[in-house]
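Only one structure is covered here, and it is reproduced in the block below.
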Amino acid sequence: VGLIPLSVAHLFRKNTSGLVRRIFSREMALLFLPFLAVALLFVGLYPYGLTRAEGASGASADVAGRFSALAGKNIAEWFRFLAAYVKALWNFETPLFLTALLGLIMSYWERKRLWVLTAVFFAVAFFSLLYFFDDFTSRGVIFVLPVFAVFSGYAADQLFSWVKARPKLSGEASFLLLASCFLLLFGWQAVIAVRYDWLLSQKDTRLVARDWVFETIPAGSRIIMDAQYFRLPNTQEGVRKIQEIDSSALRAADLALLKLPLDRYPKPVYEVLNLNFISSKIRASIASESGLIKKNEFSYLVVEYANQDGIKEDVKRLLAGATLIKRFSPWNKPHSTAWAGSGKISGVSVAELLALERFGLFVDIYKL
């Protein structure tokens, strides 16, 4: 994506040489080879990113599936996709977005149009790549922010130069005006950044809940869970029971526990059955009145959820005869919804952001 606008800027700049000569020029090679080297370096450092297949049978099937999905793309959806990113820029980086637009307009007006078109083409090319081969993610704006920051800085520099050139403004007035502009550009981002850093420094709800379990629930207790992120170390017996129930539910960490010597085993440890990883058909039989839950006499139930609607029906049946002993919430006040991570809170208002105590979903612990 970065190579495309740079190539366009090179090919269409004012030059006496022909277009074909510019395509096969040394400058084009110097543009292409570093990008190729960096791409190969990152593939070598993180091959899983290229081979994880995103649910497909293999990496090649994943690539083929993404190209086949192009048949379902259309211009109207593409415009809506681009508009969603414009909205994300407005929501997350309002001052930067506005001053960058001002800088783009000023640059275009001053006939620096090649720079303007290159920047716009880069942003459109990157967002289009996400539309054609991936999905919308608010984090996508991060990769175009440096481009916007350049034009925002240009607009700020022009504004500061204009203020300094005003002979009628006193030194104090010029300082106050420039300070106000500085706060407008960076003050809000600074406040949000400090708040985010503070939230990231706090343990999320699953870690706080895990520490509470370690301190409160006796080691070796039988615990049934429905949790996507919450984890507890399982006994070897518990891992073998999961293997008997549904071998596909085992994770690499579970299999590693079976090979771990007892003297190196994590402590405390519990006999855990996490319904989240078990197939839906097997879950139905486990949670039935005569299922394995009754036979194994689990003592505790742990439920992790974003809102009440996210709790599955089989778990709700278990909750009917259970007693809530502890609830872990990311909020410092009653709230109905939680988010799994910082990337999920794009719709959070300022008041809600200040009300967050930590990241994470709700975690409820029940006595059965």
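By order of appearance in the structure tokens: chains A, B, ..., then residues from 1 within every chain, and ligands from 1 in the order shown.
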*Quick one: everything within 10 Å of Trp198 (chain A), counting only C-alpha atoms, minus sequence neighbours fewer than 6 positions away in the same chain. Send it as a PyMOL selection string.*
chain A and resi 192+357-358
Expected file contents, prior selection, N, CA, C and O atoms, as a compact mmCIF listing (two decimals), in the first residue's frame:
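Generated file (part.txt):
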```txt
# COMPACT_ATOMS: atom_id res chain seq x y z
N ILE A 192 -7.00 12.05 26.87
CA ILE A 192 -7.43 10.69 26.53
C ILE A 192 -6.27 9.71 26.64
O ILE A 192 -6.42 8.58 27.13
N GLU A 357 -13.09 1.55 35.23
CA GLU A 357 -12.00 1.30 36.19
C GLU A 357 -10.92 0.42 35.60
O GLU A 357 -9.77 0.47 36.02
N ARG A 358 -11.30 -0.39 34.64
CA ARG A 358 -10.36 -1.32 34.02
C ARG A 358 -11.02 -1.87 32.75
O ARG A 358 -12.22 -1.67 32.53
```
*Could you find all residues in region 35-257 of chain A that DSSP calls helix (DSSP H, G or I) from the backbone, and write them as a count of residues only?*
175
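Residue-level DSSP output for region 19-262 of chain A, from the backbone, shows strand (DSSP E) at Arg222, Ile223, Ile224, Met225 and Asp226 of chain A.
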Show which residues sit within 12 Å of Ser280 (chain A), as a PDB file with N, CA, C and O atoms, in the first residue's frame. Count only C-alpha atoms, and ignore same-chain residues fewer than 3 positions away.
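Below you can see part03.pdb, which holds the result:
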```
ATOM      1  N   ASP A 246     -14.749 -33.985  24.680  1.00  0.00           N
ATOM      2  CA  ASP A 246     -14.608 -33.378  23.355  1.00  0.00           C
ATOM      3  C   ASP A 246     -13.133 -33.052  23.148  1.00  0.00           C
ATOM      4  O   ASP A 246     -12.638 -32.030  23.641  1.00  0.00           O
ATOM      5  N   SER A 248     -11.635 -31.921  20.655  1.00  0.00           N
ATOM      6  CA  SER A 248     -11.393 -30.681  19.914  1.00  0.00           C
ATOM      7  C   SER A 248     -11.393 -29.458  20.820  1.00  0.00           C
ATOM      8  O   SER A 248     -10.984 -28.374  20.402  1.00  0.00           O
ATOM      9  N   ALA A 249     -11.865 -29.618  22.064  1.00  0.00           N
ATOM     10  CA  ALA A 249     -11.910 -28.497  22.996  1.00  0.00           C
ATOM     11  C   ALA A 249     -10.574 -28.241  23.671  1.00  0.00           C
ATOM     12  O   ALA A 249     -10.396 -27.224  24.335  1.00  0.00           O
ATOM     13  N   LEU A 275     -17.032 -24.641  29.191  1.00  0.00           N
ATOM     14  CA  LEU A 275     -18.019 -24.953  28.158  1.00  0.00           C
ATOM     15  C   LEU A 275     -17.782 -24.153  26.876  1.00  0.00           C
ATOM     16  O   LEU A 275     -18.261 -24.539  25.806  1.00  0.00           O
ATOM     17  N   ASN A 276     -17.056 -23.047  26.973  1.00  0.00           N
ATOM     18  CA  ASN A 276     -16.870 -22.180  25.820  1.00  0.00           C
ATOM     19  C   ASN A 276     -16.173 -22.887  24.664  1.00  0.00           C
ATOM     20  O   ASN A 276     -16.425 -22.576  23.499  1.00  0.00           O
ATOM     21  N   PHE A 277     -15.302 -23.843  24.983  1.00  0.00           N
ATOM     22  CA  PHE A 277     -14.525 -24.511  23.944  1.00  0.00           C
ATOM     23  C   PHE A 277     -15.163 -25.809  23.460  1.00  0.00           C
ATOM     24  O   PHE A 277     -14.640 -26.459  22.559  1.00  0.00           O
ATOM     25  N   ARG A 283     -22.292 -29.668  24.338  1.00  0.00           N
ATOM     26  CA  ARG A 283     -22.702 -28.769  25.430  1.00  0.00           C
ATOM     27  C   ARG A 283     -24.116 -29.048  25.882  1.00  0.00           C
ATOM     28  O   ARG A 283     -24.418 -29.029  27.074  1.00  0.00           O
ATOM     29  N   ALA A 284     -24.994 -29.298  24.926  1.00  0.00           N
ATOM     30  CA  ALA A 284     -26.400 -29.531  25.261  1.00  0.00           C
ATOM     31  C   ALA A 284     -26.556 -30.746  26.170  1.00  0.00           C
ATOM     32  O   ALA A 284     -27.337 -30.722  27.138  1.00  0.00           O
ATOM     33  N   SER A 285     -25.826 -31.806  25.903  1.00  0.00           N
ATOM     34  CA  SER A 285     -25.932 -33.007  26.739  1.00  0.00           C
ATOM     35  C   SER A 285     -25.269 -32.812  28.090  1.00  0.00           C
ATOM     36  O   SER A 285     -25.726 -33.338  29.104  1.00  0.00           O
ATOM     37  N   ILE A 286     -24.183 -32.031  28.118  1.00  0.00           N
ATOM     38  CA  ILE A 286     -23.484 -31.788  29.385  1.00  0.00           C
ATOM     39  C   ILE A 286     -24.360 -30.997  30.347  1.00  0.00           C
ATOM     40  O   ILE A 286     -24.417 -31.284  31.545  1.00  0.00           O
ATOM     41  N   ALA A 287     -25.047 -29.993  29.830  1.00  0.00           N
ATOM     42  CA  ALA A 287     -25.830 -29.102  30.684  1.00  0.00           C
ATOM     43  C   ALA A 287     -27.232 -29.619  30.970  1.00  0.00           C
ATOM     44  O   ALA A 287     -28.005 -28.964  31.666  1.00  0.00           O
ATOM     45  N   LYS A 312     -25.555 -17.826  27.523  1.00  0.00           N
ATOM     46  CA  LYS A 312     -26.239 -18.890  26.788  1.00  0.00           C
ATOM     47  C   LYS A 312     -27.304 -19.564  27.655  1.00  0.00           C
ATOM     48  O   LYS A 312     -27.244 -19.535  28.884  1.00  0.00           O
ATOM     49  N   GLU A 313     -28.265 -20.178  26.981  1.00  0.00           N
ATOM     50  CA  GLU A 313     -29.413 -20.762  27.673  1.00  0.00           C
ATOM     51  C   GLU A 313     -29.010 -21.890  28.626  1.00  0.00           C
ATOM     52  O   GLU A 313     -29.578 -22.024  29.709  1.00  0.00           O
ATOM     53  N   ASP A 314     -28.048 -22.730  28.219  1.00  0.00           N
ATOM     54  CA  ASP A 314     -27.662 -23.829  29.110  1.00  0.00           C
ATOM     55  C   ASP A 314     -27.034 -23.301  30.395  1.00  0.00           C
ATOM     56  O   ASP A 314     -27.221 -23.870  31.476  1.00  0.00           O
TER      57      ASP A 314
END
```
*Which residues come within 12 Å of Met106 (chain A), counting only C-alpha atoms, excluding same-chain residues fewer than 6 positions away, as an MDAnalysis selection string?*
chainID A and resid 99:100 112:113 115:116 151:159
Saved selection, atoms kept: N, CA and C atoms, as a CSV table (one decimal), in the first residue's frame:
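Printed below is result19.csv as written:
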```
chain,number,residue,atom,x,y,z
A,99,THR,N,-7.6,19.8,11.4
A,99,THR,CA,-6.4,20.6,11.0
A,99,THR,C,-5.7,20.0,9.8
A,100,ALA,N,-5.8,18.6,9.7
A,100,ALA,CA,-5.2,18.0,8.5
A,100,ALA,C,-6.0,18.3,7.3
A,112,LYS,N,0.8,22.7,-4.2
A,112,LYS,CA,1.6,21.5,-3.8
A,112,LYS,C,0.6,20.3,-3.9
A,113,ARG,N,0.1,20.3,-5.1
A,113,ARG,CA,-1.0,19.3,-5.4
A,113,ARG,C,-0.5,17.9,-5.4
A,115,TRP,N,1.7,16.4,-3.5
A,115,TRP,CA,1.8,15.9,-2.2
A,115,TRP,C,0.4,15.6,-1.7
A,116,VAL,N,-0.6,16.5,-2.0
A,116,VAL,CA,-2.0,16.3,-1.5
A,116,VAL,C,-2.5,15.0,-2.1
A,151,PHE,N,0.2,17.1,7.4
A,151,PHE,CA,-0.6,18.2,6.9
A,151,PHE,C,-1.2,19.0,8.1
A,152,SER,N,-1.5,18.3,9.2
A,152,SER,CA,-1.9,19.1,10.4
A,152,SER,C,-0.8,20.0,10.9
A,153,GLY,N,0.4,19.5,10.9
A,153,GLY,CA,1.6,20.3,11.3
A,153,GLY,C,1.8,21.4,10.4
A,154,TYR,N,1.6,21.2,9.1
A,154,TYR,CA,1.7,22.3,8.1
A,154,TYR,C,0.7,23.4,8.4
A,155,ALA,N,-0.5,23.0,8.6
A,155,ALA,CA,-1.6,24.0,9.0
A,155,ALA,C,-1.2,24.8,10.2
A,156,ALA,N,-0.7,24.1,11.2
A,156,ALA,CA,-0.4,24.7,12.5
A,156,ALA,C,0.8,25.7,12.3
A,157,ASP,N,1.8,25.3,11.5
A,157,ASP,CA,2.9,26.1,11.2
A,157,ASP,C,2.5,27.4,10.5
A,158,GLN,N,1.6,27.3,9.5
A,158,GLN,CA,1.1,28.4,8.8
A,158,GLN,C,0.3,29.4,9.8
A,159,LEU,N,-0.4,28.8,10.7
A,159,LEU,CA,-1.2,29.6,11.6
A,159,LEU,C,-0.2,30.3,12.6
```
*Interatomic distance between CA of Gly65 (chain A) and CA of Leu129 (chain A)?*
15.0 Å
*Skip region 329-333 of chain A itself and residues of its chain fewer than 6 positions away, then list as a list in words all residues within 7 Å of it, counting only C-alpha atoms.*
Thr205, Ala355, Leu356, Glu357, Arg358, Phe359, Gly360, Leu361, Phe362 and Val363 of chain A
Keeping only C-alpha atoms, write the selected residues to a file as a CSV table (one decimal), in the first residue's frame.
```
chain,number,residue,atom,x,y,z
A,205,THR,CA,-11.4,-8.1,35.2
A,355,ALA,CA,-16.3,5.7,34.6
A,356,LEU,CA,-14.2,2.7,33.4
A,357,GLU,CA,-12.0,1.3,36.2
A,358,ARG,CA,-10.4,-1.3,34.0
A,359,PHE,CA,-10.8,-3.2,30.8
A,360,GLY,CA,-12.5,-6.6,30.5
A,361,LEU,CA,-15.9,-8.3,30.5
A,362,PHE,CA,-18.1,-9.0,33.5
A,363,VAL,CA,-17.0,-12.1,35.5
```
Would you write out, as CSV, a table of all residues in region 87-138 of chain A that have an atom no more than 12 Å from an atom of region 176-191 of chain A, listing for each the closest atom pair and the distance in Å to one decimal, considering only C-alpha atoms and ordering rows by chain and rising residue number?
```
residue,atom,partner,partner_atom,distance
A:Asn91,CA,A:Gln189,CA,11.6
A:Phe92,CA,A:Gln189,CA,8.8
A:Glu93,CA,A:Gln189,CA,7.6
A:Thr94,CA,A:Leu185,CA,8.9
A:Pro95,CA,A:Leu185,CA,5.4
A:Leu96,CA,A:Leu185,CA,6.5
A:Phe97,CA,A:Leu185,CA,9.8
A:Leu98,CA,A:Leu185,CA,9.5
A:Thr99,CA,A:Leu185,CA,8.1
A:Ala100,CA,A:Leu185,CA,10.7
```
Hey, what's within 9 Å of Leu145 (chain A) if we count only C-alpha atoms and toss same-chain stuff fewer than 2 positions away? As a PDB file with N, CA and C atoms, in the first residue's frame, please?
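The resulting file, out.pdb, is reproduced below:
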```pdb
ATOM      1  N   LEU A  89     -12.067   8.527  12.106  1.00  0.00           N
ATOM      2  CA  LEU A  89     -11.105   9.620  12.261  1.00  0.00           C
ATOM      3  C   LEU A  89     -11.737  10.795  13.001  1.00  0.00           C
ATOM      4  N   GLU A  93      -9.869  11.279  16.421  1.00  0.00           N
ATOM      5  CA  GLU A  93      -8.840  12.295  16.223  1.00  0.00           C
ATOM      6  C   GLU A  93      -9.449  13.563  15.637  1.00  0.00           C
ATOM      7  N   LEU A  96      -6.989  16.670  15.073  1.00  0.00           N
ATOM      8  CA  LEU A  96      -6.015  16.310  14.052  1.00  0.00           C
ATOM      9  C   LEU A  96      -6.672  16.190  12.683  1.00  0.00           C
ATOM     10  N   PHE A  97      -7.855  15.599  12.652  1.00  0.00           N
ATOM     11  CA  PHE A  97      -8.576  15.416  11.394  1.00  0.00           C
ATOM     12  C   PHE A  97      -8.927  16.770  10.775  1.00  0.00           C
ATOM     13  N   VAL A 141      -7.170   3.269  11.367  1.00  0.00           N
ATOM     14  CA  VAL A 141      -6.825   4.691  11.209  1.00  0.00           C
ATOM     15  C   VAL A 141      -5.398   4.971  11.629  1.00  0.00           C
ATOM     16  N   ILE A 142      -4.802   4.068  12.437  1.00  0.00           N
ATOM     17  CA  ILE A 142      -3.441   4.305  12.939  1.00  0.00           C
ATOM     18  C   ILE A 142      -2.453   4.456  11.786  1.00  0.00           C
ATOM     19  N   PHE A 143      -2.672   3.702  10.710  1.00  0.00           N
ATOM     20  CA  PHE A 143      -1.697   3.671   9.633  1.00  0.00           C
ATOM     21  C   PHE A 143      -1.769   4.893   8.716  1.00  0.00           C
ATOM     22  N   VAL A 147       0.336  10.419   8.023  1.00  0.00           N
ATOM     23  CA  VAL A 147       0.113  11.256   6.838  1.00  0.00           C
ATOM     24  C   VAL A 147      -0.712  12.478   7.218  1.00  0.00           C
ATOM     25  N   PHE A 148      -1.755  12.259   8.025  1.00  0.00           N
ATOM     26  CA  PHE A 148      -2.586  13.380   8.453  1.00  0.00           C
ATOM     27  C   PHE A 148      -1.796  14.321   9.365  1.00  0.00           C
ATOM     28  N   ALA A 149      -0.888  13.765  10.176  1.00  0.00           N
ATOM     29  CA  ALA A 149      -0.110  14.594  11.094  1.00  0.00           C
ATOM     30  C   ALA A 149       0.786  15.566  10.334  1.00  0.00           C
ATOM     31  N   VAL A 150       1.311  15.147   9.179  1.00  0.00           N
ATOM     32  CA  VAL A 150       2.160  16.031   8.369  1.00  0.00           C
ATOM     33  C   VAL A 150       1.375  17.268   7.942  1.00  0.00           C
TER      34      VAL A 150
END
```
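With CA of Trp162 (chain A) on one side and CA of Leu117 (chain A) on the other, the separation reads 25.5 Å.
The coordinates place CA of Ala84 (chain A) at 8.9 Å from CA of Ser138 (chain A).
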*asked:* Please list as a VMD selection string every residue within 12 Å of region 252-258 of chain A, counting only C-alpha atoms and excluding residues in the same chain fewer than 5 positions away.
replied: chain A and resid 231 to 243 247 263 to 266 269 271 to 274 277
*For each of A:Phe328, A:Leu130, A:Ala123, A:Asp364, take the minimum atom-to-atom distance to Lys203 (chain A), counting only C-alpha atoms, then give the residue where this is smallest.*
A:Phe328
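Residue nearest Leu368 (chain A) within the list A:Tyr300, A:Ser25, A:Ala351, A:Ile311: A:Tyr300 [criterion: smallest interatomic distance, only C-alpha atoms].
With distances restricted to only C-alpha atoms, A:Ala119 is the closest residue to Leu104 (chain A) from A:Ala119, A:Ser221, A:Phe230, A:Leu41.
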